[in-house]
file query38.pdb (PDB, C-alpha atoms, pLDDT in the B column)
ATOM      1  CA  MET A 245       3.112 -36.520 -67.322  1.00 47.00           C
ATOM      2  CA  GLN A 246       2.254 -37.138 -63.673  1.00 48.00           C
ATOM      3  CA  ASP A 247       5.660 -38.726 -62.982  1.00 56.00           C
ATOM      4  CA  HIS A 248       7.371 -35.814 -64.737  1.00 54.00           C
ATOM      5  CA  ASN A 249       5.518 -33.266 -62.591  1.00 60.00           C
ATOM      6  CA  SER A 250       6.299 -35.242 -59.448  1.00 63.00           C
ATOM      7  CA  GLY A 251       9.986 -35.232 -60.348  1.00 59.00           C
ATOM      8  CA  CYS A 252       9.936 -31.469 -60.916  1.00 65.00           C
ATOM      9  CA  VAL A 253       8.271 -30.864 -57.557  1.00 56.00           C
ATOM     10  CA  SER A 254      10.862 -33.036 -55.798  1.00 65.00           C
ATOM     11  CA  LEU A 255      13.688 -31.165 -57.521  1.00 65.00           C
ATOM     12  CA  LEU A 256      12.216 -27.796 -56.537  1.00 67.00           C
ATOM     13  CA  ARG A 257      11.930 -28.950 -52.924  1.00 62.00           C
ATOM     14  CA  LEU A 258      15.530 -30.104 -52.975  1.00 62.00           C
ATOM     15  CA  LEU A 259      16.694 -26.765 -54.384  1.00 67.00           C
ATOM     16  CA  ARG A 260      14.626 -24.852 -51.844  1.00 63.00           C
ATOM     17  CA  GLY A 261      16.139 -26.933 -49.064  1.00 60.00           C
ATOM     18  CA  LEU A 262      19.652 -26.298 -50.317  1.00 66.00           C
ATOM     19  CA  LEU A 263      18.999 -22.555 -50.486  1.00 69.00           C
ATOM     20  CA  CYS A 264      17.639 -22.614 -46.920  1.00 69.00           C
ATOM     21  CA  LEU A 265      20.758 -24.378 -45.638  1.00 67.00           C
ATOM     22  CA  LEU A 266      23.076 -21.969 -47.456  1.00 75.00           C
ATOM     23  CA  ALA A 267      21.154 -18.925 -46.205  1.00 77.00           C
ATOM     24  CA  HIS A 268      21.207 -20.164 -42.608  1.00 73.00           C
ATOM     25  CA  ASP A 269      24.924 -20.981 -42.703  1.00 78.00           C
ATOM     26  CA  ALA A 270      25.655 -17.533 -44.129  1.00 81.00           C
ATOM     27  CA  ALA A 271      23.572 -15.841 -41.428  1.00 87.00           C
ATOM     28  CA  TRP A 272      25.304 -17.784 -38.644  1.00 85.00           C
ATOM     29  CA  ASN A 273      28.901 -17.701 -39.908  1.00 88.00           C
ATOM     30  CA  ASN A 274      28.909 -14.296 -41.568  1.00 92.00           C
ATOM     31  CA  PRO A 275      26.114 -12.106 -40.171  1.00 93.00           C
ATOM     32  CA  SER A 276      25.315  -8.987 -42.160  1.00 94.00           C
ATOM     33  CA  GLU A 277      25.676  -5.424 -40.947  1.00 95.00           C
ATOM     34  CA  GLY A 278      22.580  -4.004 -39.279  1.00 96.00           C
ATOM     35  CA  ILE A 279      20.727  -7.321 -38.868  1.00 96.00           C
ATOM     36  CA  VAL A 280      19.787  -8.930 -35.550  1.00 97.00           C
ATOM     37  CA  TYR A 281      19.247 -12.680 -35.920  1.00 96.00           C
ATOM     38  CA  ALA A 282      17.354 -15.025 -33.620  1.00 95.00           C
ATOM     39  CA  ARG A 283      16.619 -18.733 -33.581  1.00 92.00           C
ATOM     40  CA  MET A 284      14.056 -20.520 -31.412  1.00 90.00           C
ATOM     41  CA  ASP A 285      13.427 -24.142 -30.605  1.00 89.00           C
ATOM     42  CA  PHE A 286      11.613 -26.140 -27.951  1.00 89.00           C
ATOM     43  CA  ALA A 287      13.511 -28.756 -26.002  1.00 88.00           C
ATOM     44  CA  GLU A 288      11.774 -31.908 -24.790  1.00 86.00           C
ATOM     45  CA  ASN A 289       9.744 -31.322 -21.631  1.00 89.00           C
ATOM     46  CA  TRP A 290      11.690 -31.810 -18.413  1.00 89.00           C
ATOM     47  CA  ASN A 291      10.332 -33.866 -15.529  1.00 84.00           C
ATOM     48  CA  LEU A 292      11.082 -32.966 -11.910  1.00 83.00           C
ATOM     49  CA  PRO A 293      12.268 -33.825  -9.356  1.00 79.00           C
ATOM     50  CA  ILE A 294      15.850 -34.577 -10.294  1.00 81.00           C
ATOM     51  CA  GLY A 295      18.485 -35.308  -7.708  1.00 74.00           C
ATOM     52  CA  PRO A 296      21.420 -37.428  -6.560  1.00 71.00           C
ATOM     53  CA  ASP A 297      21.286 -41.022  -7.754  1.00 60.00           C
ATOM     54  CA  GLU A 298      22.078 -42.297  -4.268  1.00 50.00           C
ATOM     55  CA  ALA A 299      19.107 -40.485  -2.704  1.00 52.00           C
ATOM     56  CA  GLY A 300      16.555 -43.105  -3.677  1.00 56.00           C
ATOM     57  CA  SER A 301      13.634 -41.876  -1.556  1.00 57.00           C
ATOM     58  CA  TRP A 302      12.740 -38.923  -3.825  1.00 53.00           C
ATOM     59  CA  TRP A 303      12.551 -41.178  -6.876  1.00 55.00           C
ATOM     60  CA  TYR A 304       9.505 -42.946  -5.507  1.00 55.00           C
ATOM     61  CA  ALA A 305       7.560 -39.761  -4.885  1.00 56.00           C
ATOM     62  CA  GLY A 306       4.096 -40.012  -6.419  1.00 55.00           C
ATOM     63  CA  SER A 307       4.015 -36.510  -7.908  1.00 60.00           C
ATOM     64  CA  ARG A 308       5.937 -35.353 -10.941  1.00 71.00           C
ATOM     65  CA  LEU A 309       6.230 -31.865 -12.390  1.00 80.00           C
ATOM     66  CA  SER A 310       6.677 -31.353 -16.131  1.00 87.00           C
ATOM     67  CA  LEU A 311       8.182 -28.154 -17.472  1.00 91.00           C
ATOM     68  CA  SER A 312       8.541 -26.834 -21.008  1.00 91.00           C
ATOM     69  CA  VAL A 313      11.878 -25.395 -22.126  1.00 91.00           C
ATOM     70  CA  LEU A 314      12.188 -22.843 -24.936  1.00 92.00           C
ATOM     71  CA  ILE A 315      15.661 -21.930 -26.186  1.00 92.00           C
ATOM     72  CA  ILE A 316      16.366 -18.620 -27.950  1.00 94.00           C
ATOM     73  CA  THR A 317      19.692 -17.798 -29.599  1.00 94.00           C
ATOM     74  CA  ILE A 318      20.345 -14.158 -30.561  1.00 95.00           C
ATOM     75  CA  TRP A 319      23.349 -13.062 -32.605  1.00 95.00           C
ATOM     76  CA  GLY A 320      24.680 -10.357 -34.893  1.00 95.00           C
ATOM     77  CA  LYS A 321      27.828  -8.924 -36.409  1.00 93.00           C
ATOM     78  CA  HIS A 322      28.951  -6.663 -33.579  1.00 92.00           C
ATOM     79  CA  PHE A 323      27.780  -8.312 -30.362  1.00 92.00           C
ATOM     80  CA  LYS A 324      28.401 -11.564 -28.553  1.00 90.00           C
ATOM     81  CA  THR A 325      25.900 -14.371 -29.148  1.00 91.00           C
ATOM     82  CA  LYS A 326      23.275 -14.558 -26.417  1.00 92.00           C
ATOM     83  CA  TYR A 327      21.466 -17.687 -25.246  1.00 91.00           C
ATOM     84  CA  VAL A 328      18.153 -17.381 -23.434  1.00 93.00           C
ATOM     85  CA  THR A 329      16.361 -20.248 -21.671  1.00 92.00           C
ATOM     86  CA  TYR A 330      12.679 -20.020 -20.734  1.00 93.00           C
ATOM     87  CA  VAL A 331      11.376 -22.633 -18.284  1.00 91.00           C
ATOM     88  CA  SER A 332       7.623 -22.753 -17.751  1.00 91.00           C
ATOM     89  CA  LYS A 333       4.766 -24.841 -16.395  1.00 89.00           C
ATOM     90  CA  VAL A 334       2.940 -23.994 -19.638  1.00 88.00           C
ATOM     91  CA  LEU A 335       3.289 -27.187 -21.669  1.00 89.00           C
ATOM     92  CA  GLU A 336       1.329 -26.092 -24.739  1.00 85.00           C
ATOM     93  CA  LYS A 337       3.746 -25.181 -27.501  1.00 87.00           C
ATOM     94  CA  THR A 338       1.517 -22.568 -29.083  1.00 89.00           C
ATOM     95  CA  PRO A 339       2.165 -19.315 -30.987  1.00 90.00           C
ATOM     96  CA  ARG A 340       0.527 -17.361 -28.174  1.00 90.00           C
ATOM     97  CA  TYR A 341       3.073 -18.724 -25.702  1.00 92.00           C
ATOM     98  CA  VAL A 342       6.002 -17.948 -28.021  1.00 92.00           C
ATOM     99  CA  VAL A 343       4.821 -14.344 -28.519  1.00 93.00           C
ATOM    100  CA  ALA A 344       4.317 -13.970 -24.746  1.00 93.00           C
ATOM    101  CA  VAL A 345       7.901 -15.151 -24.169  1.00 94.00           C
ATOM    102  CA  TRP A 346       9.270 -12.576 -26.608  1.00 95.00           C
ATOM    103  CA  ASP A 347       7.183  -9.770 -25.113  1.00 94.00           C
ATOM    104  CA  ASP A 348       8.497 -10.725 -21.666  1.00 96.00           C
ATOM    105  CA  LEU A 349      12.095 -10.914 -22.918  1.00 96.00           C
ATOM    106  CA  LEU A 350      11.864  -7.473 -24.524  1.00 95.00           C
ATOM    107  CA  GLN A 351      10.458  -6.045 -21.322  1.00 95.00           C
ATOM    108  CA  ARG A 352      13.281  -7.553 -19.258  1.00 94.00           C
ATOM    109  CA  SER A 353      16.211  -6.798 -21.580  1.00 95.00           C
ATOM    110  CA  ALA A 354      17.044  -3.153 -22.248  1.00 95.00           C
ATOM    111  CA  GLN A 355      20.101  -4.364 -24.183  1.00 95.00           C
ATOM    112  CA  LEU A 356      17.968  -6.357 -26.623  1.00 95.00           C
ATOM    113  CA  GLN A 357      15.631  -3.398 -27.056  1.00 96.00           C
ATOM    114  CA  GLN A 358      18.627  -1.215 -27.929  1.00 96.00           C
ATOM    115  CA  LEU A 359      20.015  -3.775 -30.385  1.00 96.00           C
ATOM    116  CA  LEU A 360      16.674  -3.871 -32.208  1.00 97.00           C
ATOM    117  CA  THR A 361      16.328  -0.090 -32.104  1.00 96.00           C
ATOM    118  CA  ASP A 362      19.723   0.256 -33.806  1.00 96.00           C
ATOM    119  CA  ALA A 363      19.069  -2.536 -36.334  1.00 97.00           C
ATOM    120  CA  SER A 364      17.614  -2.216 -39.818  1.00 97.00           C
ATOM    121  CA  GLU A 365      16.327  -5.807 -39.930  1.00 97.00           C
ATOM    122  CA  PHE A 366      15.284  -8.580 -37.532  1.00 97.00           C
ATOM    123  CA  GLN A 367      15.421 -12.157 -38.837  1.00 96.00           C
ATOM    124  CA  MET A 368      13.704 -14.945 -36.932  1.00 94.00           C
ATOM    125  CA  TRP A 369      14.880 -18.475 -37.845  1.00 91.00           C
ATOM    126  CA  VAL A 370      12.533 -21.297 -36.860  1.00 89.00           C
ATOM    127  CA  ASP A 371      11.510 -24.787 -37.903  1.00 85.00           C
ATOM    128  CA  SER A 372       8.295 -25.391 -39.816  1.00 80.00           C
ATOM    129  CA  GLY A 373       6.276 -26.606 -36.819  1.00 79.00           C
ATOM    130  CA  THR A 374       2.779 -25.212 -36.422  1.00 81.00           C
ATOM    131  CA  HIS A 375       3.763 -23.313 -33.257  1.00 80.00           C
ATOM    132  CA  PHE A 376       5.954 -21.104 -35.494  1.00 87.00           C
ATOM    133  CA  ARG A 377       4.484 -21.439 -38.995  1.00 83.00           C
ATOM    134  CA  CYS A 378       1.185 -19.626 -38.455  1.00 88.00           C
ATOM    135  CA  TYR A 379      -0.532 -16.292 -38.989  1.00 90.00           C
ATOM    136  CA  SER A 380      -0.087 -15.019 -35.442  1.00 90.00           C
ATOM    137  CA  MET A 381       3.702 -15.506 -35.517  1.00 91.00           C
ATOM    138  CA  LEU A 382       3.945 -13.905 -38.951  1.00 92.00           C
ATOM    139  CA  TRP A 383       1.878 -10.964 -37.717  1.00 94.00           C
ATOM    140  CA  TRP A 384       4.066 -10.509 -34.644  1.00 94.00           C
ATOM    141  CA  GLN A 385       7.369 -10.787 -36.540  1.00 94.00           C
ATOM    142  CA  CYS A 386       6.467  -8.997 -39.778  1.00 94.00           C
ATOM    143  CA  CYS A 387       3.959  -6.385 -38.543  1.00 95.00           C
ATOM    144  CA  LYS A 388       4.213  -5.760 -34.786  1.00 95.00           C
ATOM    145  CA  MET A 389       8.017  -5.800 -34.475  1.00 96.00           C
ATOM    146  CA  PRO A 390       8.605  -3.508 -37.504  1.00 96.00           C
ATOM    147  CA  GLU A 391       6.031  -1.085 -36.115  1.00 96.00           C
ATOM    148  CA  ARG A 392       7.663  -1.100 -32.690  1.00 95.00           C
ATOM    149  CA  PHE A 393      11.304  -0.812 -33.770  1.00 96.00           C
ATOM    150  CA  ASN A 394      11.101   0.707 -37.272  1.00 97.00           C
ATOM    151  CA  LEU A 395      12.865  -2.172 -38.989  1.00 97.00           C
ATOM    152  CA  VAL A 396      12.205  -4.978 -41.468  1.00 97.00           C
ATOM    153  CA  GLY A 397      10.956  -8.209 -39.896  1.00 96.00           C
ATOM    154  CA  ARG A 398      11.510 -11.551 -41.617  1.00 94.00           C
ATOM    155  CA  MET A 399      10.484 -15.113 -40.753  1.00 92.00           C
ATOM    156  CA  CYS A 400      12.925 -17.718 -42.091  1.00 88.00           C
ATOM    157  CA  PHE A 401      11.851 -21.365 -42.039  1.00 85.00           C
ATOM    158  CA  ASP A 402      14.390 -24.174 -41.968  1.00 79.00           C
ATOM    159  CA  LEU A 403      14.003 -27.664 -43.312  1.00 67.00           C
ATOM    160  CA  GLU A 404      12.908 -30.399 -40.937  1.00 64.00           C
ATOM    161  CA  HIS A 405      15.766 -31.487 -38.634  1.00 57.00           C
ATOM    162  CA  HIS A 406      18.141 -28.827 -39.987  1.00 55.00           C
ATOM    163  CA  GLY A 407      19.573 -25.559 -38.717  1.00 55.00           C
ATOM    164  CA  LYS A 408      19.128 -26.234 -35.004  1.00 62.00           C
ATOM    165  CA  GLY A 409      22.774 -26.684 -34.096  1.00 67.00           C
ATOM    166  CA  GLN A 410      23.010 -23.581 -31.905  1.00 70.00           C
ATOM    167  CA  CYS A 411      19.895 -24.421 -29.893  1.00 76.00           C
ATOM    168  CA  ASP A 412      20.725 -28.137 -29.640  1.00 75.00           C
ATOM    169  CA  GLY A 413      24.180 -27.302 -28.314  1.00 81.00           C
ATOM    170  CA  HIS A 414      22.715 -25.042 -25.639  1.00 82.00           C
ATOM    171  CA  ILE A 415      20.089 -27.640 -24.694  1.00 85.00           C
ATOM    172  CA  GLY A 416      22.878 -30.172 -24.152  1.00 86.00           C
ATOM    173  CA  LYS A 417      24.766 -27.671 -22.028  1.00 89.00           C
ATOM    174  CA  ILE A 418      21.868 -26.834 -19.706  1.00 88.00           C
ATOM    175  CA  LYS A 419      21.111 -30.544 -19.273  1.00 87.00           C
ATOM    176  CA  THR A 420      24.705 -31.007 -18.129  1.00 89.00           C
ATOM    177  CA  TRP A 421      24.367 -28.026 -15.774  1.00 89.00           C
ATOM    178  CA  ALA A 422      21.135 -29.399 -14.291  1.00 87.00           C
ATOM    179  CA  GLY A 423      22.723 -32.821 -13.816  1.00 85.00           C
ATOM    180  CA  SER A 424      25.737 -31.288 -12.112  1.00 87.00           C
ATOM    181  CA  ALA A 425      23.607 -29.158  -9.770  1.00 86.00           C
ATOM    182  CA  SER A 426      21.311 -32.069  -8.899  1.00 84.00           C
ATOM    183  CA  LYS A 427      24.250 -34.099  -7.583  1.00 84.00           C
ATOM    184  CA  ALA A 428      24.450 -31.708  -4.662  1.00 82.00           C
ATOM    185  CA  LYS A 429      20.793 -30.776  -4.200  1.00 81.00           C
ATOM    186  CA  LEU A 430      17.379 -32.143  -5.061  1.00 82.00           C
ATOM    187  CA  ILE A 431      15.641 -29.938  -7.661  1.00 86.00           C
ATOM    188  CA  CYS A 432      11.874 -30.074  -7.144  1.00 83.00           C
ATOM    189  CA  ASP A 433      10.318 -27.080  -8.921  1.00 85.00           C
ATOM    190  CA  GLY A 434      10.866 -24.571 -11.698  1.00 87.00           C
ATOM    191  CA  GLN A 435      12.308 -21.867  -9.453  1.00 90.00           C
ATOM    192  CA  GLN A 436      14.931 -24.234  -8.059  1.00 89.00           C
ATOM    193  CA  LEU A 437      15.780 -25.315 -11.604  1.00 90.00           C
ATOM    194  CA  VAL A 438      16.213 -21.708 -12.753  1.00 90.00           C
ATOM    195  CA  GLU A 439      18.399 -20.937  -9.719  1.00 91.00           C
ATOM    196  CA  ALA A 440      20.519 -24.047 -10.377  1.00 89.00           C
ATOM    197  CA  LEU A 441      20.993 -23.200 -14.073  1.00 90.00           C
ATOM    198  CA  THR A 442      21.824 -19.583 -13.219  1.00 90.00           C
ATOM    199  CA  ALA A 443      24.456 -20.684 -10.704  1.00 90.00           C
ATOM    200  CA  GLU A 444      26.015 -23.175 -13.136  1.00 88.00           C
ATOM    201  CA  ASN A 445      26.021 -20.527 -15.866  1.00 88.00           C
ATOM    202  CA  GLN A 446      27.884 -18.151 -13.586  1.00 89.00           C
ATOM    203  CA  LYS A 447      30.468 -20.851 -12.838  1.00 87.00           C
ATOM    204  CA  SER A 448      30.938 -21.332 -16.570  1.00 83.00           C
ATOM    205  CA  LEU A 449      31.368 -17.572 -17.124  1.00 82.00           C
ATOM    206  CA  ASP A 450      33.856 -17.320 -14.256  1.00 82.00           C
ATOM    207  CA  ALA A 451      35.890 -20.200 -15.684  1.00 80.00           C
ATOM    208  CA  ASN A 452      35.701 -18.883 -19.281  1.00 79.00           C
ATOM    209  CA  PRO A 453      35.255 -15.093 -19.210  1.00 69.00           C
ATOM    210  CA  SER A 454      35.664 -14.775 -22.977  1.00 60.00           C
TER     211      SER A 454
END
call {"tool": "encode", "arguments": {"input": "query38.pdb", "output": "structure tokens"}}
result
Amino acid sequence: MQDHNSGCVSLLRLLRGLLCLLAHDAAWNNPSEGIVYARMDFAENWNLPIGPDEAGSWWYAGSRLSLSVLIITIWGKHFKTKYVTYVSKVLEKTPRYVVAVWDDLLQRSAQLQQLLTDASEFQMWVDSGTHFRCYSMLWWQCCKMPERFNLVGRMCFDLEHHGKGQCDGHIGKIKTWAGSASKAKLICDGQQLVEALTAENQKSLDANPS
């Protein structure tokens, strides 16, 4: 009986995982009318300084600065996908930090506020890490956001190591940008990193306006 129950549980987990993958693919490839989608993921912490390989003196500096990087992808049916990168000295990957990032982003972006005002639903796709799968995140997404924008808020949890393609692709891109910028100039702090990524992003937009 115990083996039978264990097999049933495994099958249910497999089915749940398959449904998660199908739902995420549908949301990404064929977004529904009136829904704003978002996905978040933390990149590995970055260590500064970074700079030209031939400039060996900076490599032996005694001090190192670690920065956390949070990637947010926002998409929907009638607007171009947006990628947001938050770089911070805050290394704790906690729900409080994630909520603070979103509150800051909403304050900075009138366009995002308008998208959410016009939407009927806001779906947040995340992994099942404890920095996302907790009461405070559920409260923010399913209570605070609906109250603020008069919409339905949903938290959607992916399987481990699945559904992160959009964020992983952007993480790879900003690493390339940082590497390219550091060939010309030593990057020593968060502000210089943000300025370097912003400049490389603008080059990319100028080269590919679409």
call {"tool": "residues_around", "arguments": {"input": "query38.pdb", "residues": "Leu395 in chain A", "least_positions_apart": "3", "cutoff": "6 Å", "atoms": "all atoms listed in the file", "output": "count of residues only"}}
result
3
call {"tool": "resolve_selection", "arguments": {"input": "query38.pdb", "expression": "the PyMOL selection byres ((chain A and resi 376) around 12)", "output": "VMD selection string"}}
result
chain A and resid 283 to 286 337 to 343 368 to 375 377 to 385 399 to 402
call {"tool": "atom_distance", "arguments": {"input": "query38.pdb", "atom1": "CA of Lys427 in chain A", "atom2": "CA of Ile294 in chain A"}}
result
8.8 Å
call {"tool": "atom_distance", "arguments": {"input": "query38.pdb", "atom1": "CA of Gln410 in chain A", "atom2": "CA of Asn445 in chain A"}}
result
16.6 Å
call {"tool": "atom_distance", "arguments": {"input": "query38.pdb", "atom1": "CA of Gly413 in chain A", "atom2": "CA of Thr442 in chain A"}}
result
17.1 Å
call {"tool": "resolve_selection", "arguments": {"input": "query38.pdb", "expression": "the PyMOL selection byres ((chain A and resi 429) around 12)", "output": "MDAnalysis selection string"}}
result
chainID A and resid 293:299 302 422:428 430:432 436:437 439:440
call {"tool": "closest_residue", "arguments": {"input": "query38.pdb", "among": "A:Gln357, A:Thr329, A:Gln367, A:Ser276", "to": "Val438 in chain A", "atoms": "only C-alpha atoms"}}
result
A:Thr329
call {"tool": "resolve_selection", "arguments": {"input": "query38.pdb", "expression": "the PyMOL selection byres ((chain A and resi 360) around 12)", "output": "compact mmCIF listing (two decimals) with C-alpha atoms, keeping the file's coordinate frame"}}
result
# COMPACT_ATOMS: atom_id res chain seq x y z
CA GLY A 278 22.58 -4.00 -39.28
CA ILE A 279 20.73 -7.32 -38.87
CA VAL A 280 19.79 -8.93 -35.55
CA TYR A 281 19.25 -12.68 -35.92
CA ALA A 282 17.35 -15.02 -33.62
CA ILE A 318 20.34 -14.16 -30.56
CA TRP A 319 23.35 -13.06 -32.60
CA GLY A 320 24.68 -10.36 -34.89
CA LEU A 350 11.86 -7.47 -24.52
CA SER A 353 16.21 -6.80 -21.58
CA ALA A 354 17.04 -3.15 -22.25
CA GLN A 355 20.10 -4.36 -24.18
CA LEU A 356 17.97 -6.36 -26.62
CA GLN A 357 15.63 -3.40 -27.06
CA GLN A 358 18.63 -1.22 -27.93
CA LEU A 359 20.02 -3.78 -30.38
CA THR A 361 16.33 -0.09 -32.10
CA ASP A 362 19.72 0.26 -33.81
CA ALA A 363 19.07 -2.54 -36.33
CA SER A 364 17.61 -2.22 -39.82
CA GLU A 365 16.33 -5.81 -39.93
CA PHE A 366 15.28 -8.58 -37.53
CA GLN A 367 15.42 -12.16 -38.84
CA MET A 389 8.02 -5.80 -34.48
CA PRO A 390 8.60 -3.51 -37.50
CA GLU A 391 6.03 -1.08 -36.12
CA ARG A 392 7.66 -1.10 -32.69
CA PHE A 393 11.30 -0.81 -33.77
CA ASN A 394 11.10 0.71 -37.27
CA LEU A 395 12.86 -2.17 -38.99
CA VAL A 396 12.20 -4.98 -41.47
CA GLY A 397 10.96 -8.21 -39.90
call {"tool": "closest_residue", "arguments": {"input": "query38.pdb", "among": "A:Lys333, A:His268, A:Tyr327, A:Arg398", "to": "Leu349 in chain A", "atoms": "all atoms listed in the file"}}
result
A:Tyr327
call {"tool": "closest_residue", "arguments": {"input": "query38.pdb", "among": "A:Tyr330, A:Leu441, A:Leu335, A:Thr325", "to": "Lys417 in chain A", "atoms": "all atoms listed in the file"}}
result
A:Leu441
call {"tool": "closest_residue", "arguments": {"input": "query38.pdb", "among": "A:Ala287, A:Ala344, A:Leu449, A:Leu292", "to": "Gln435 in chain A", "atoms": "all atoms listed in the file"}}
result
A:Leu292
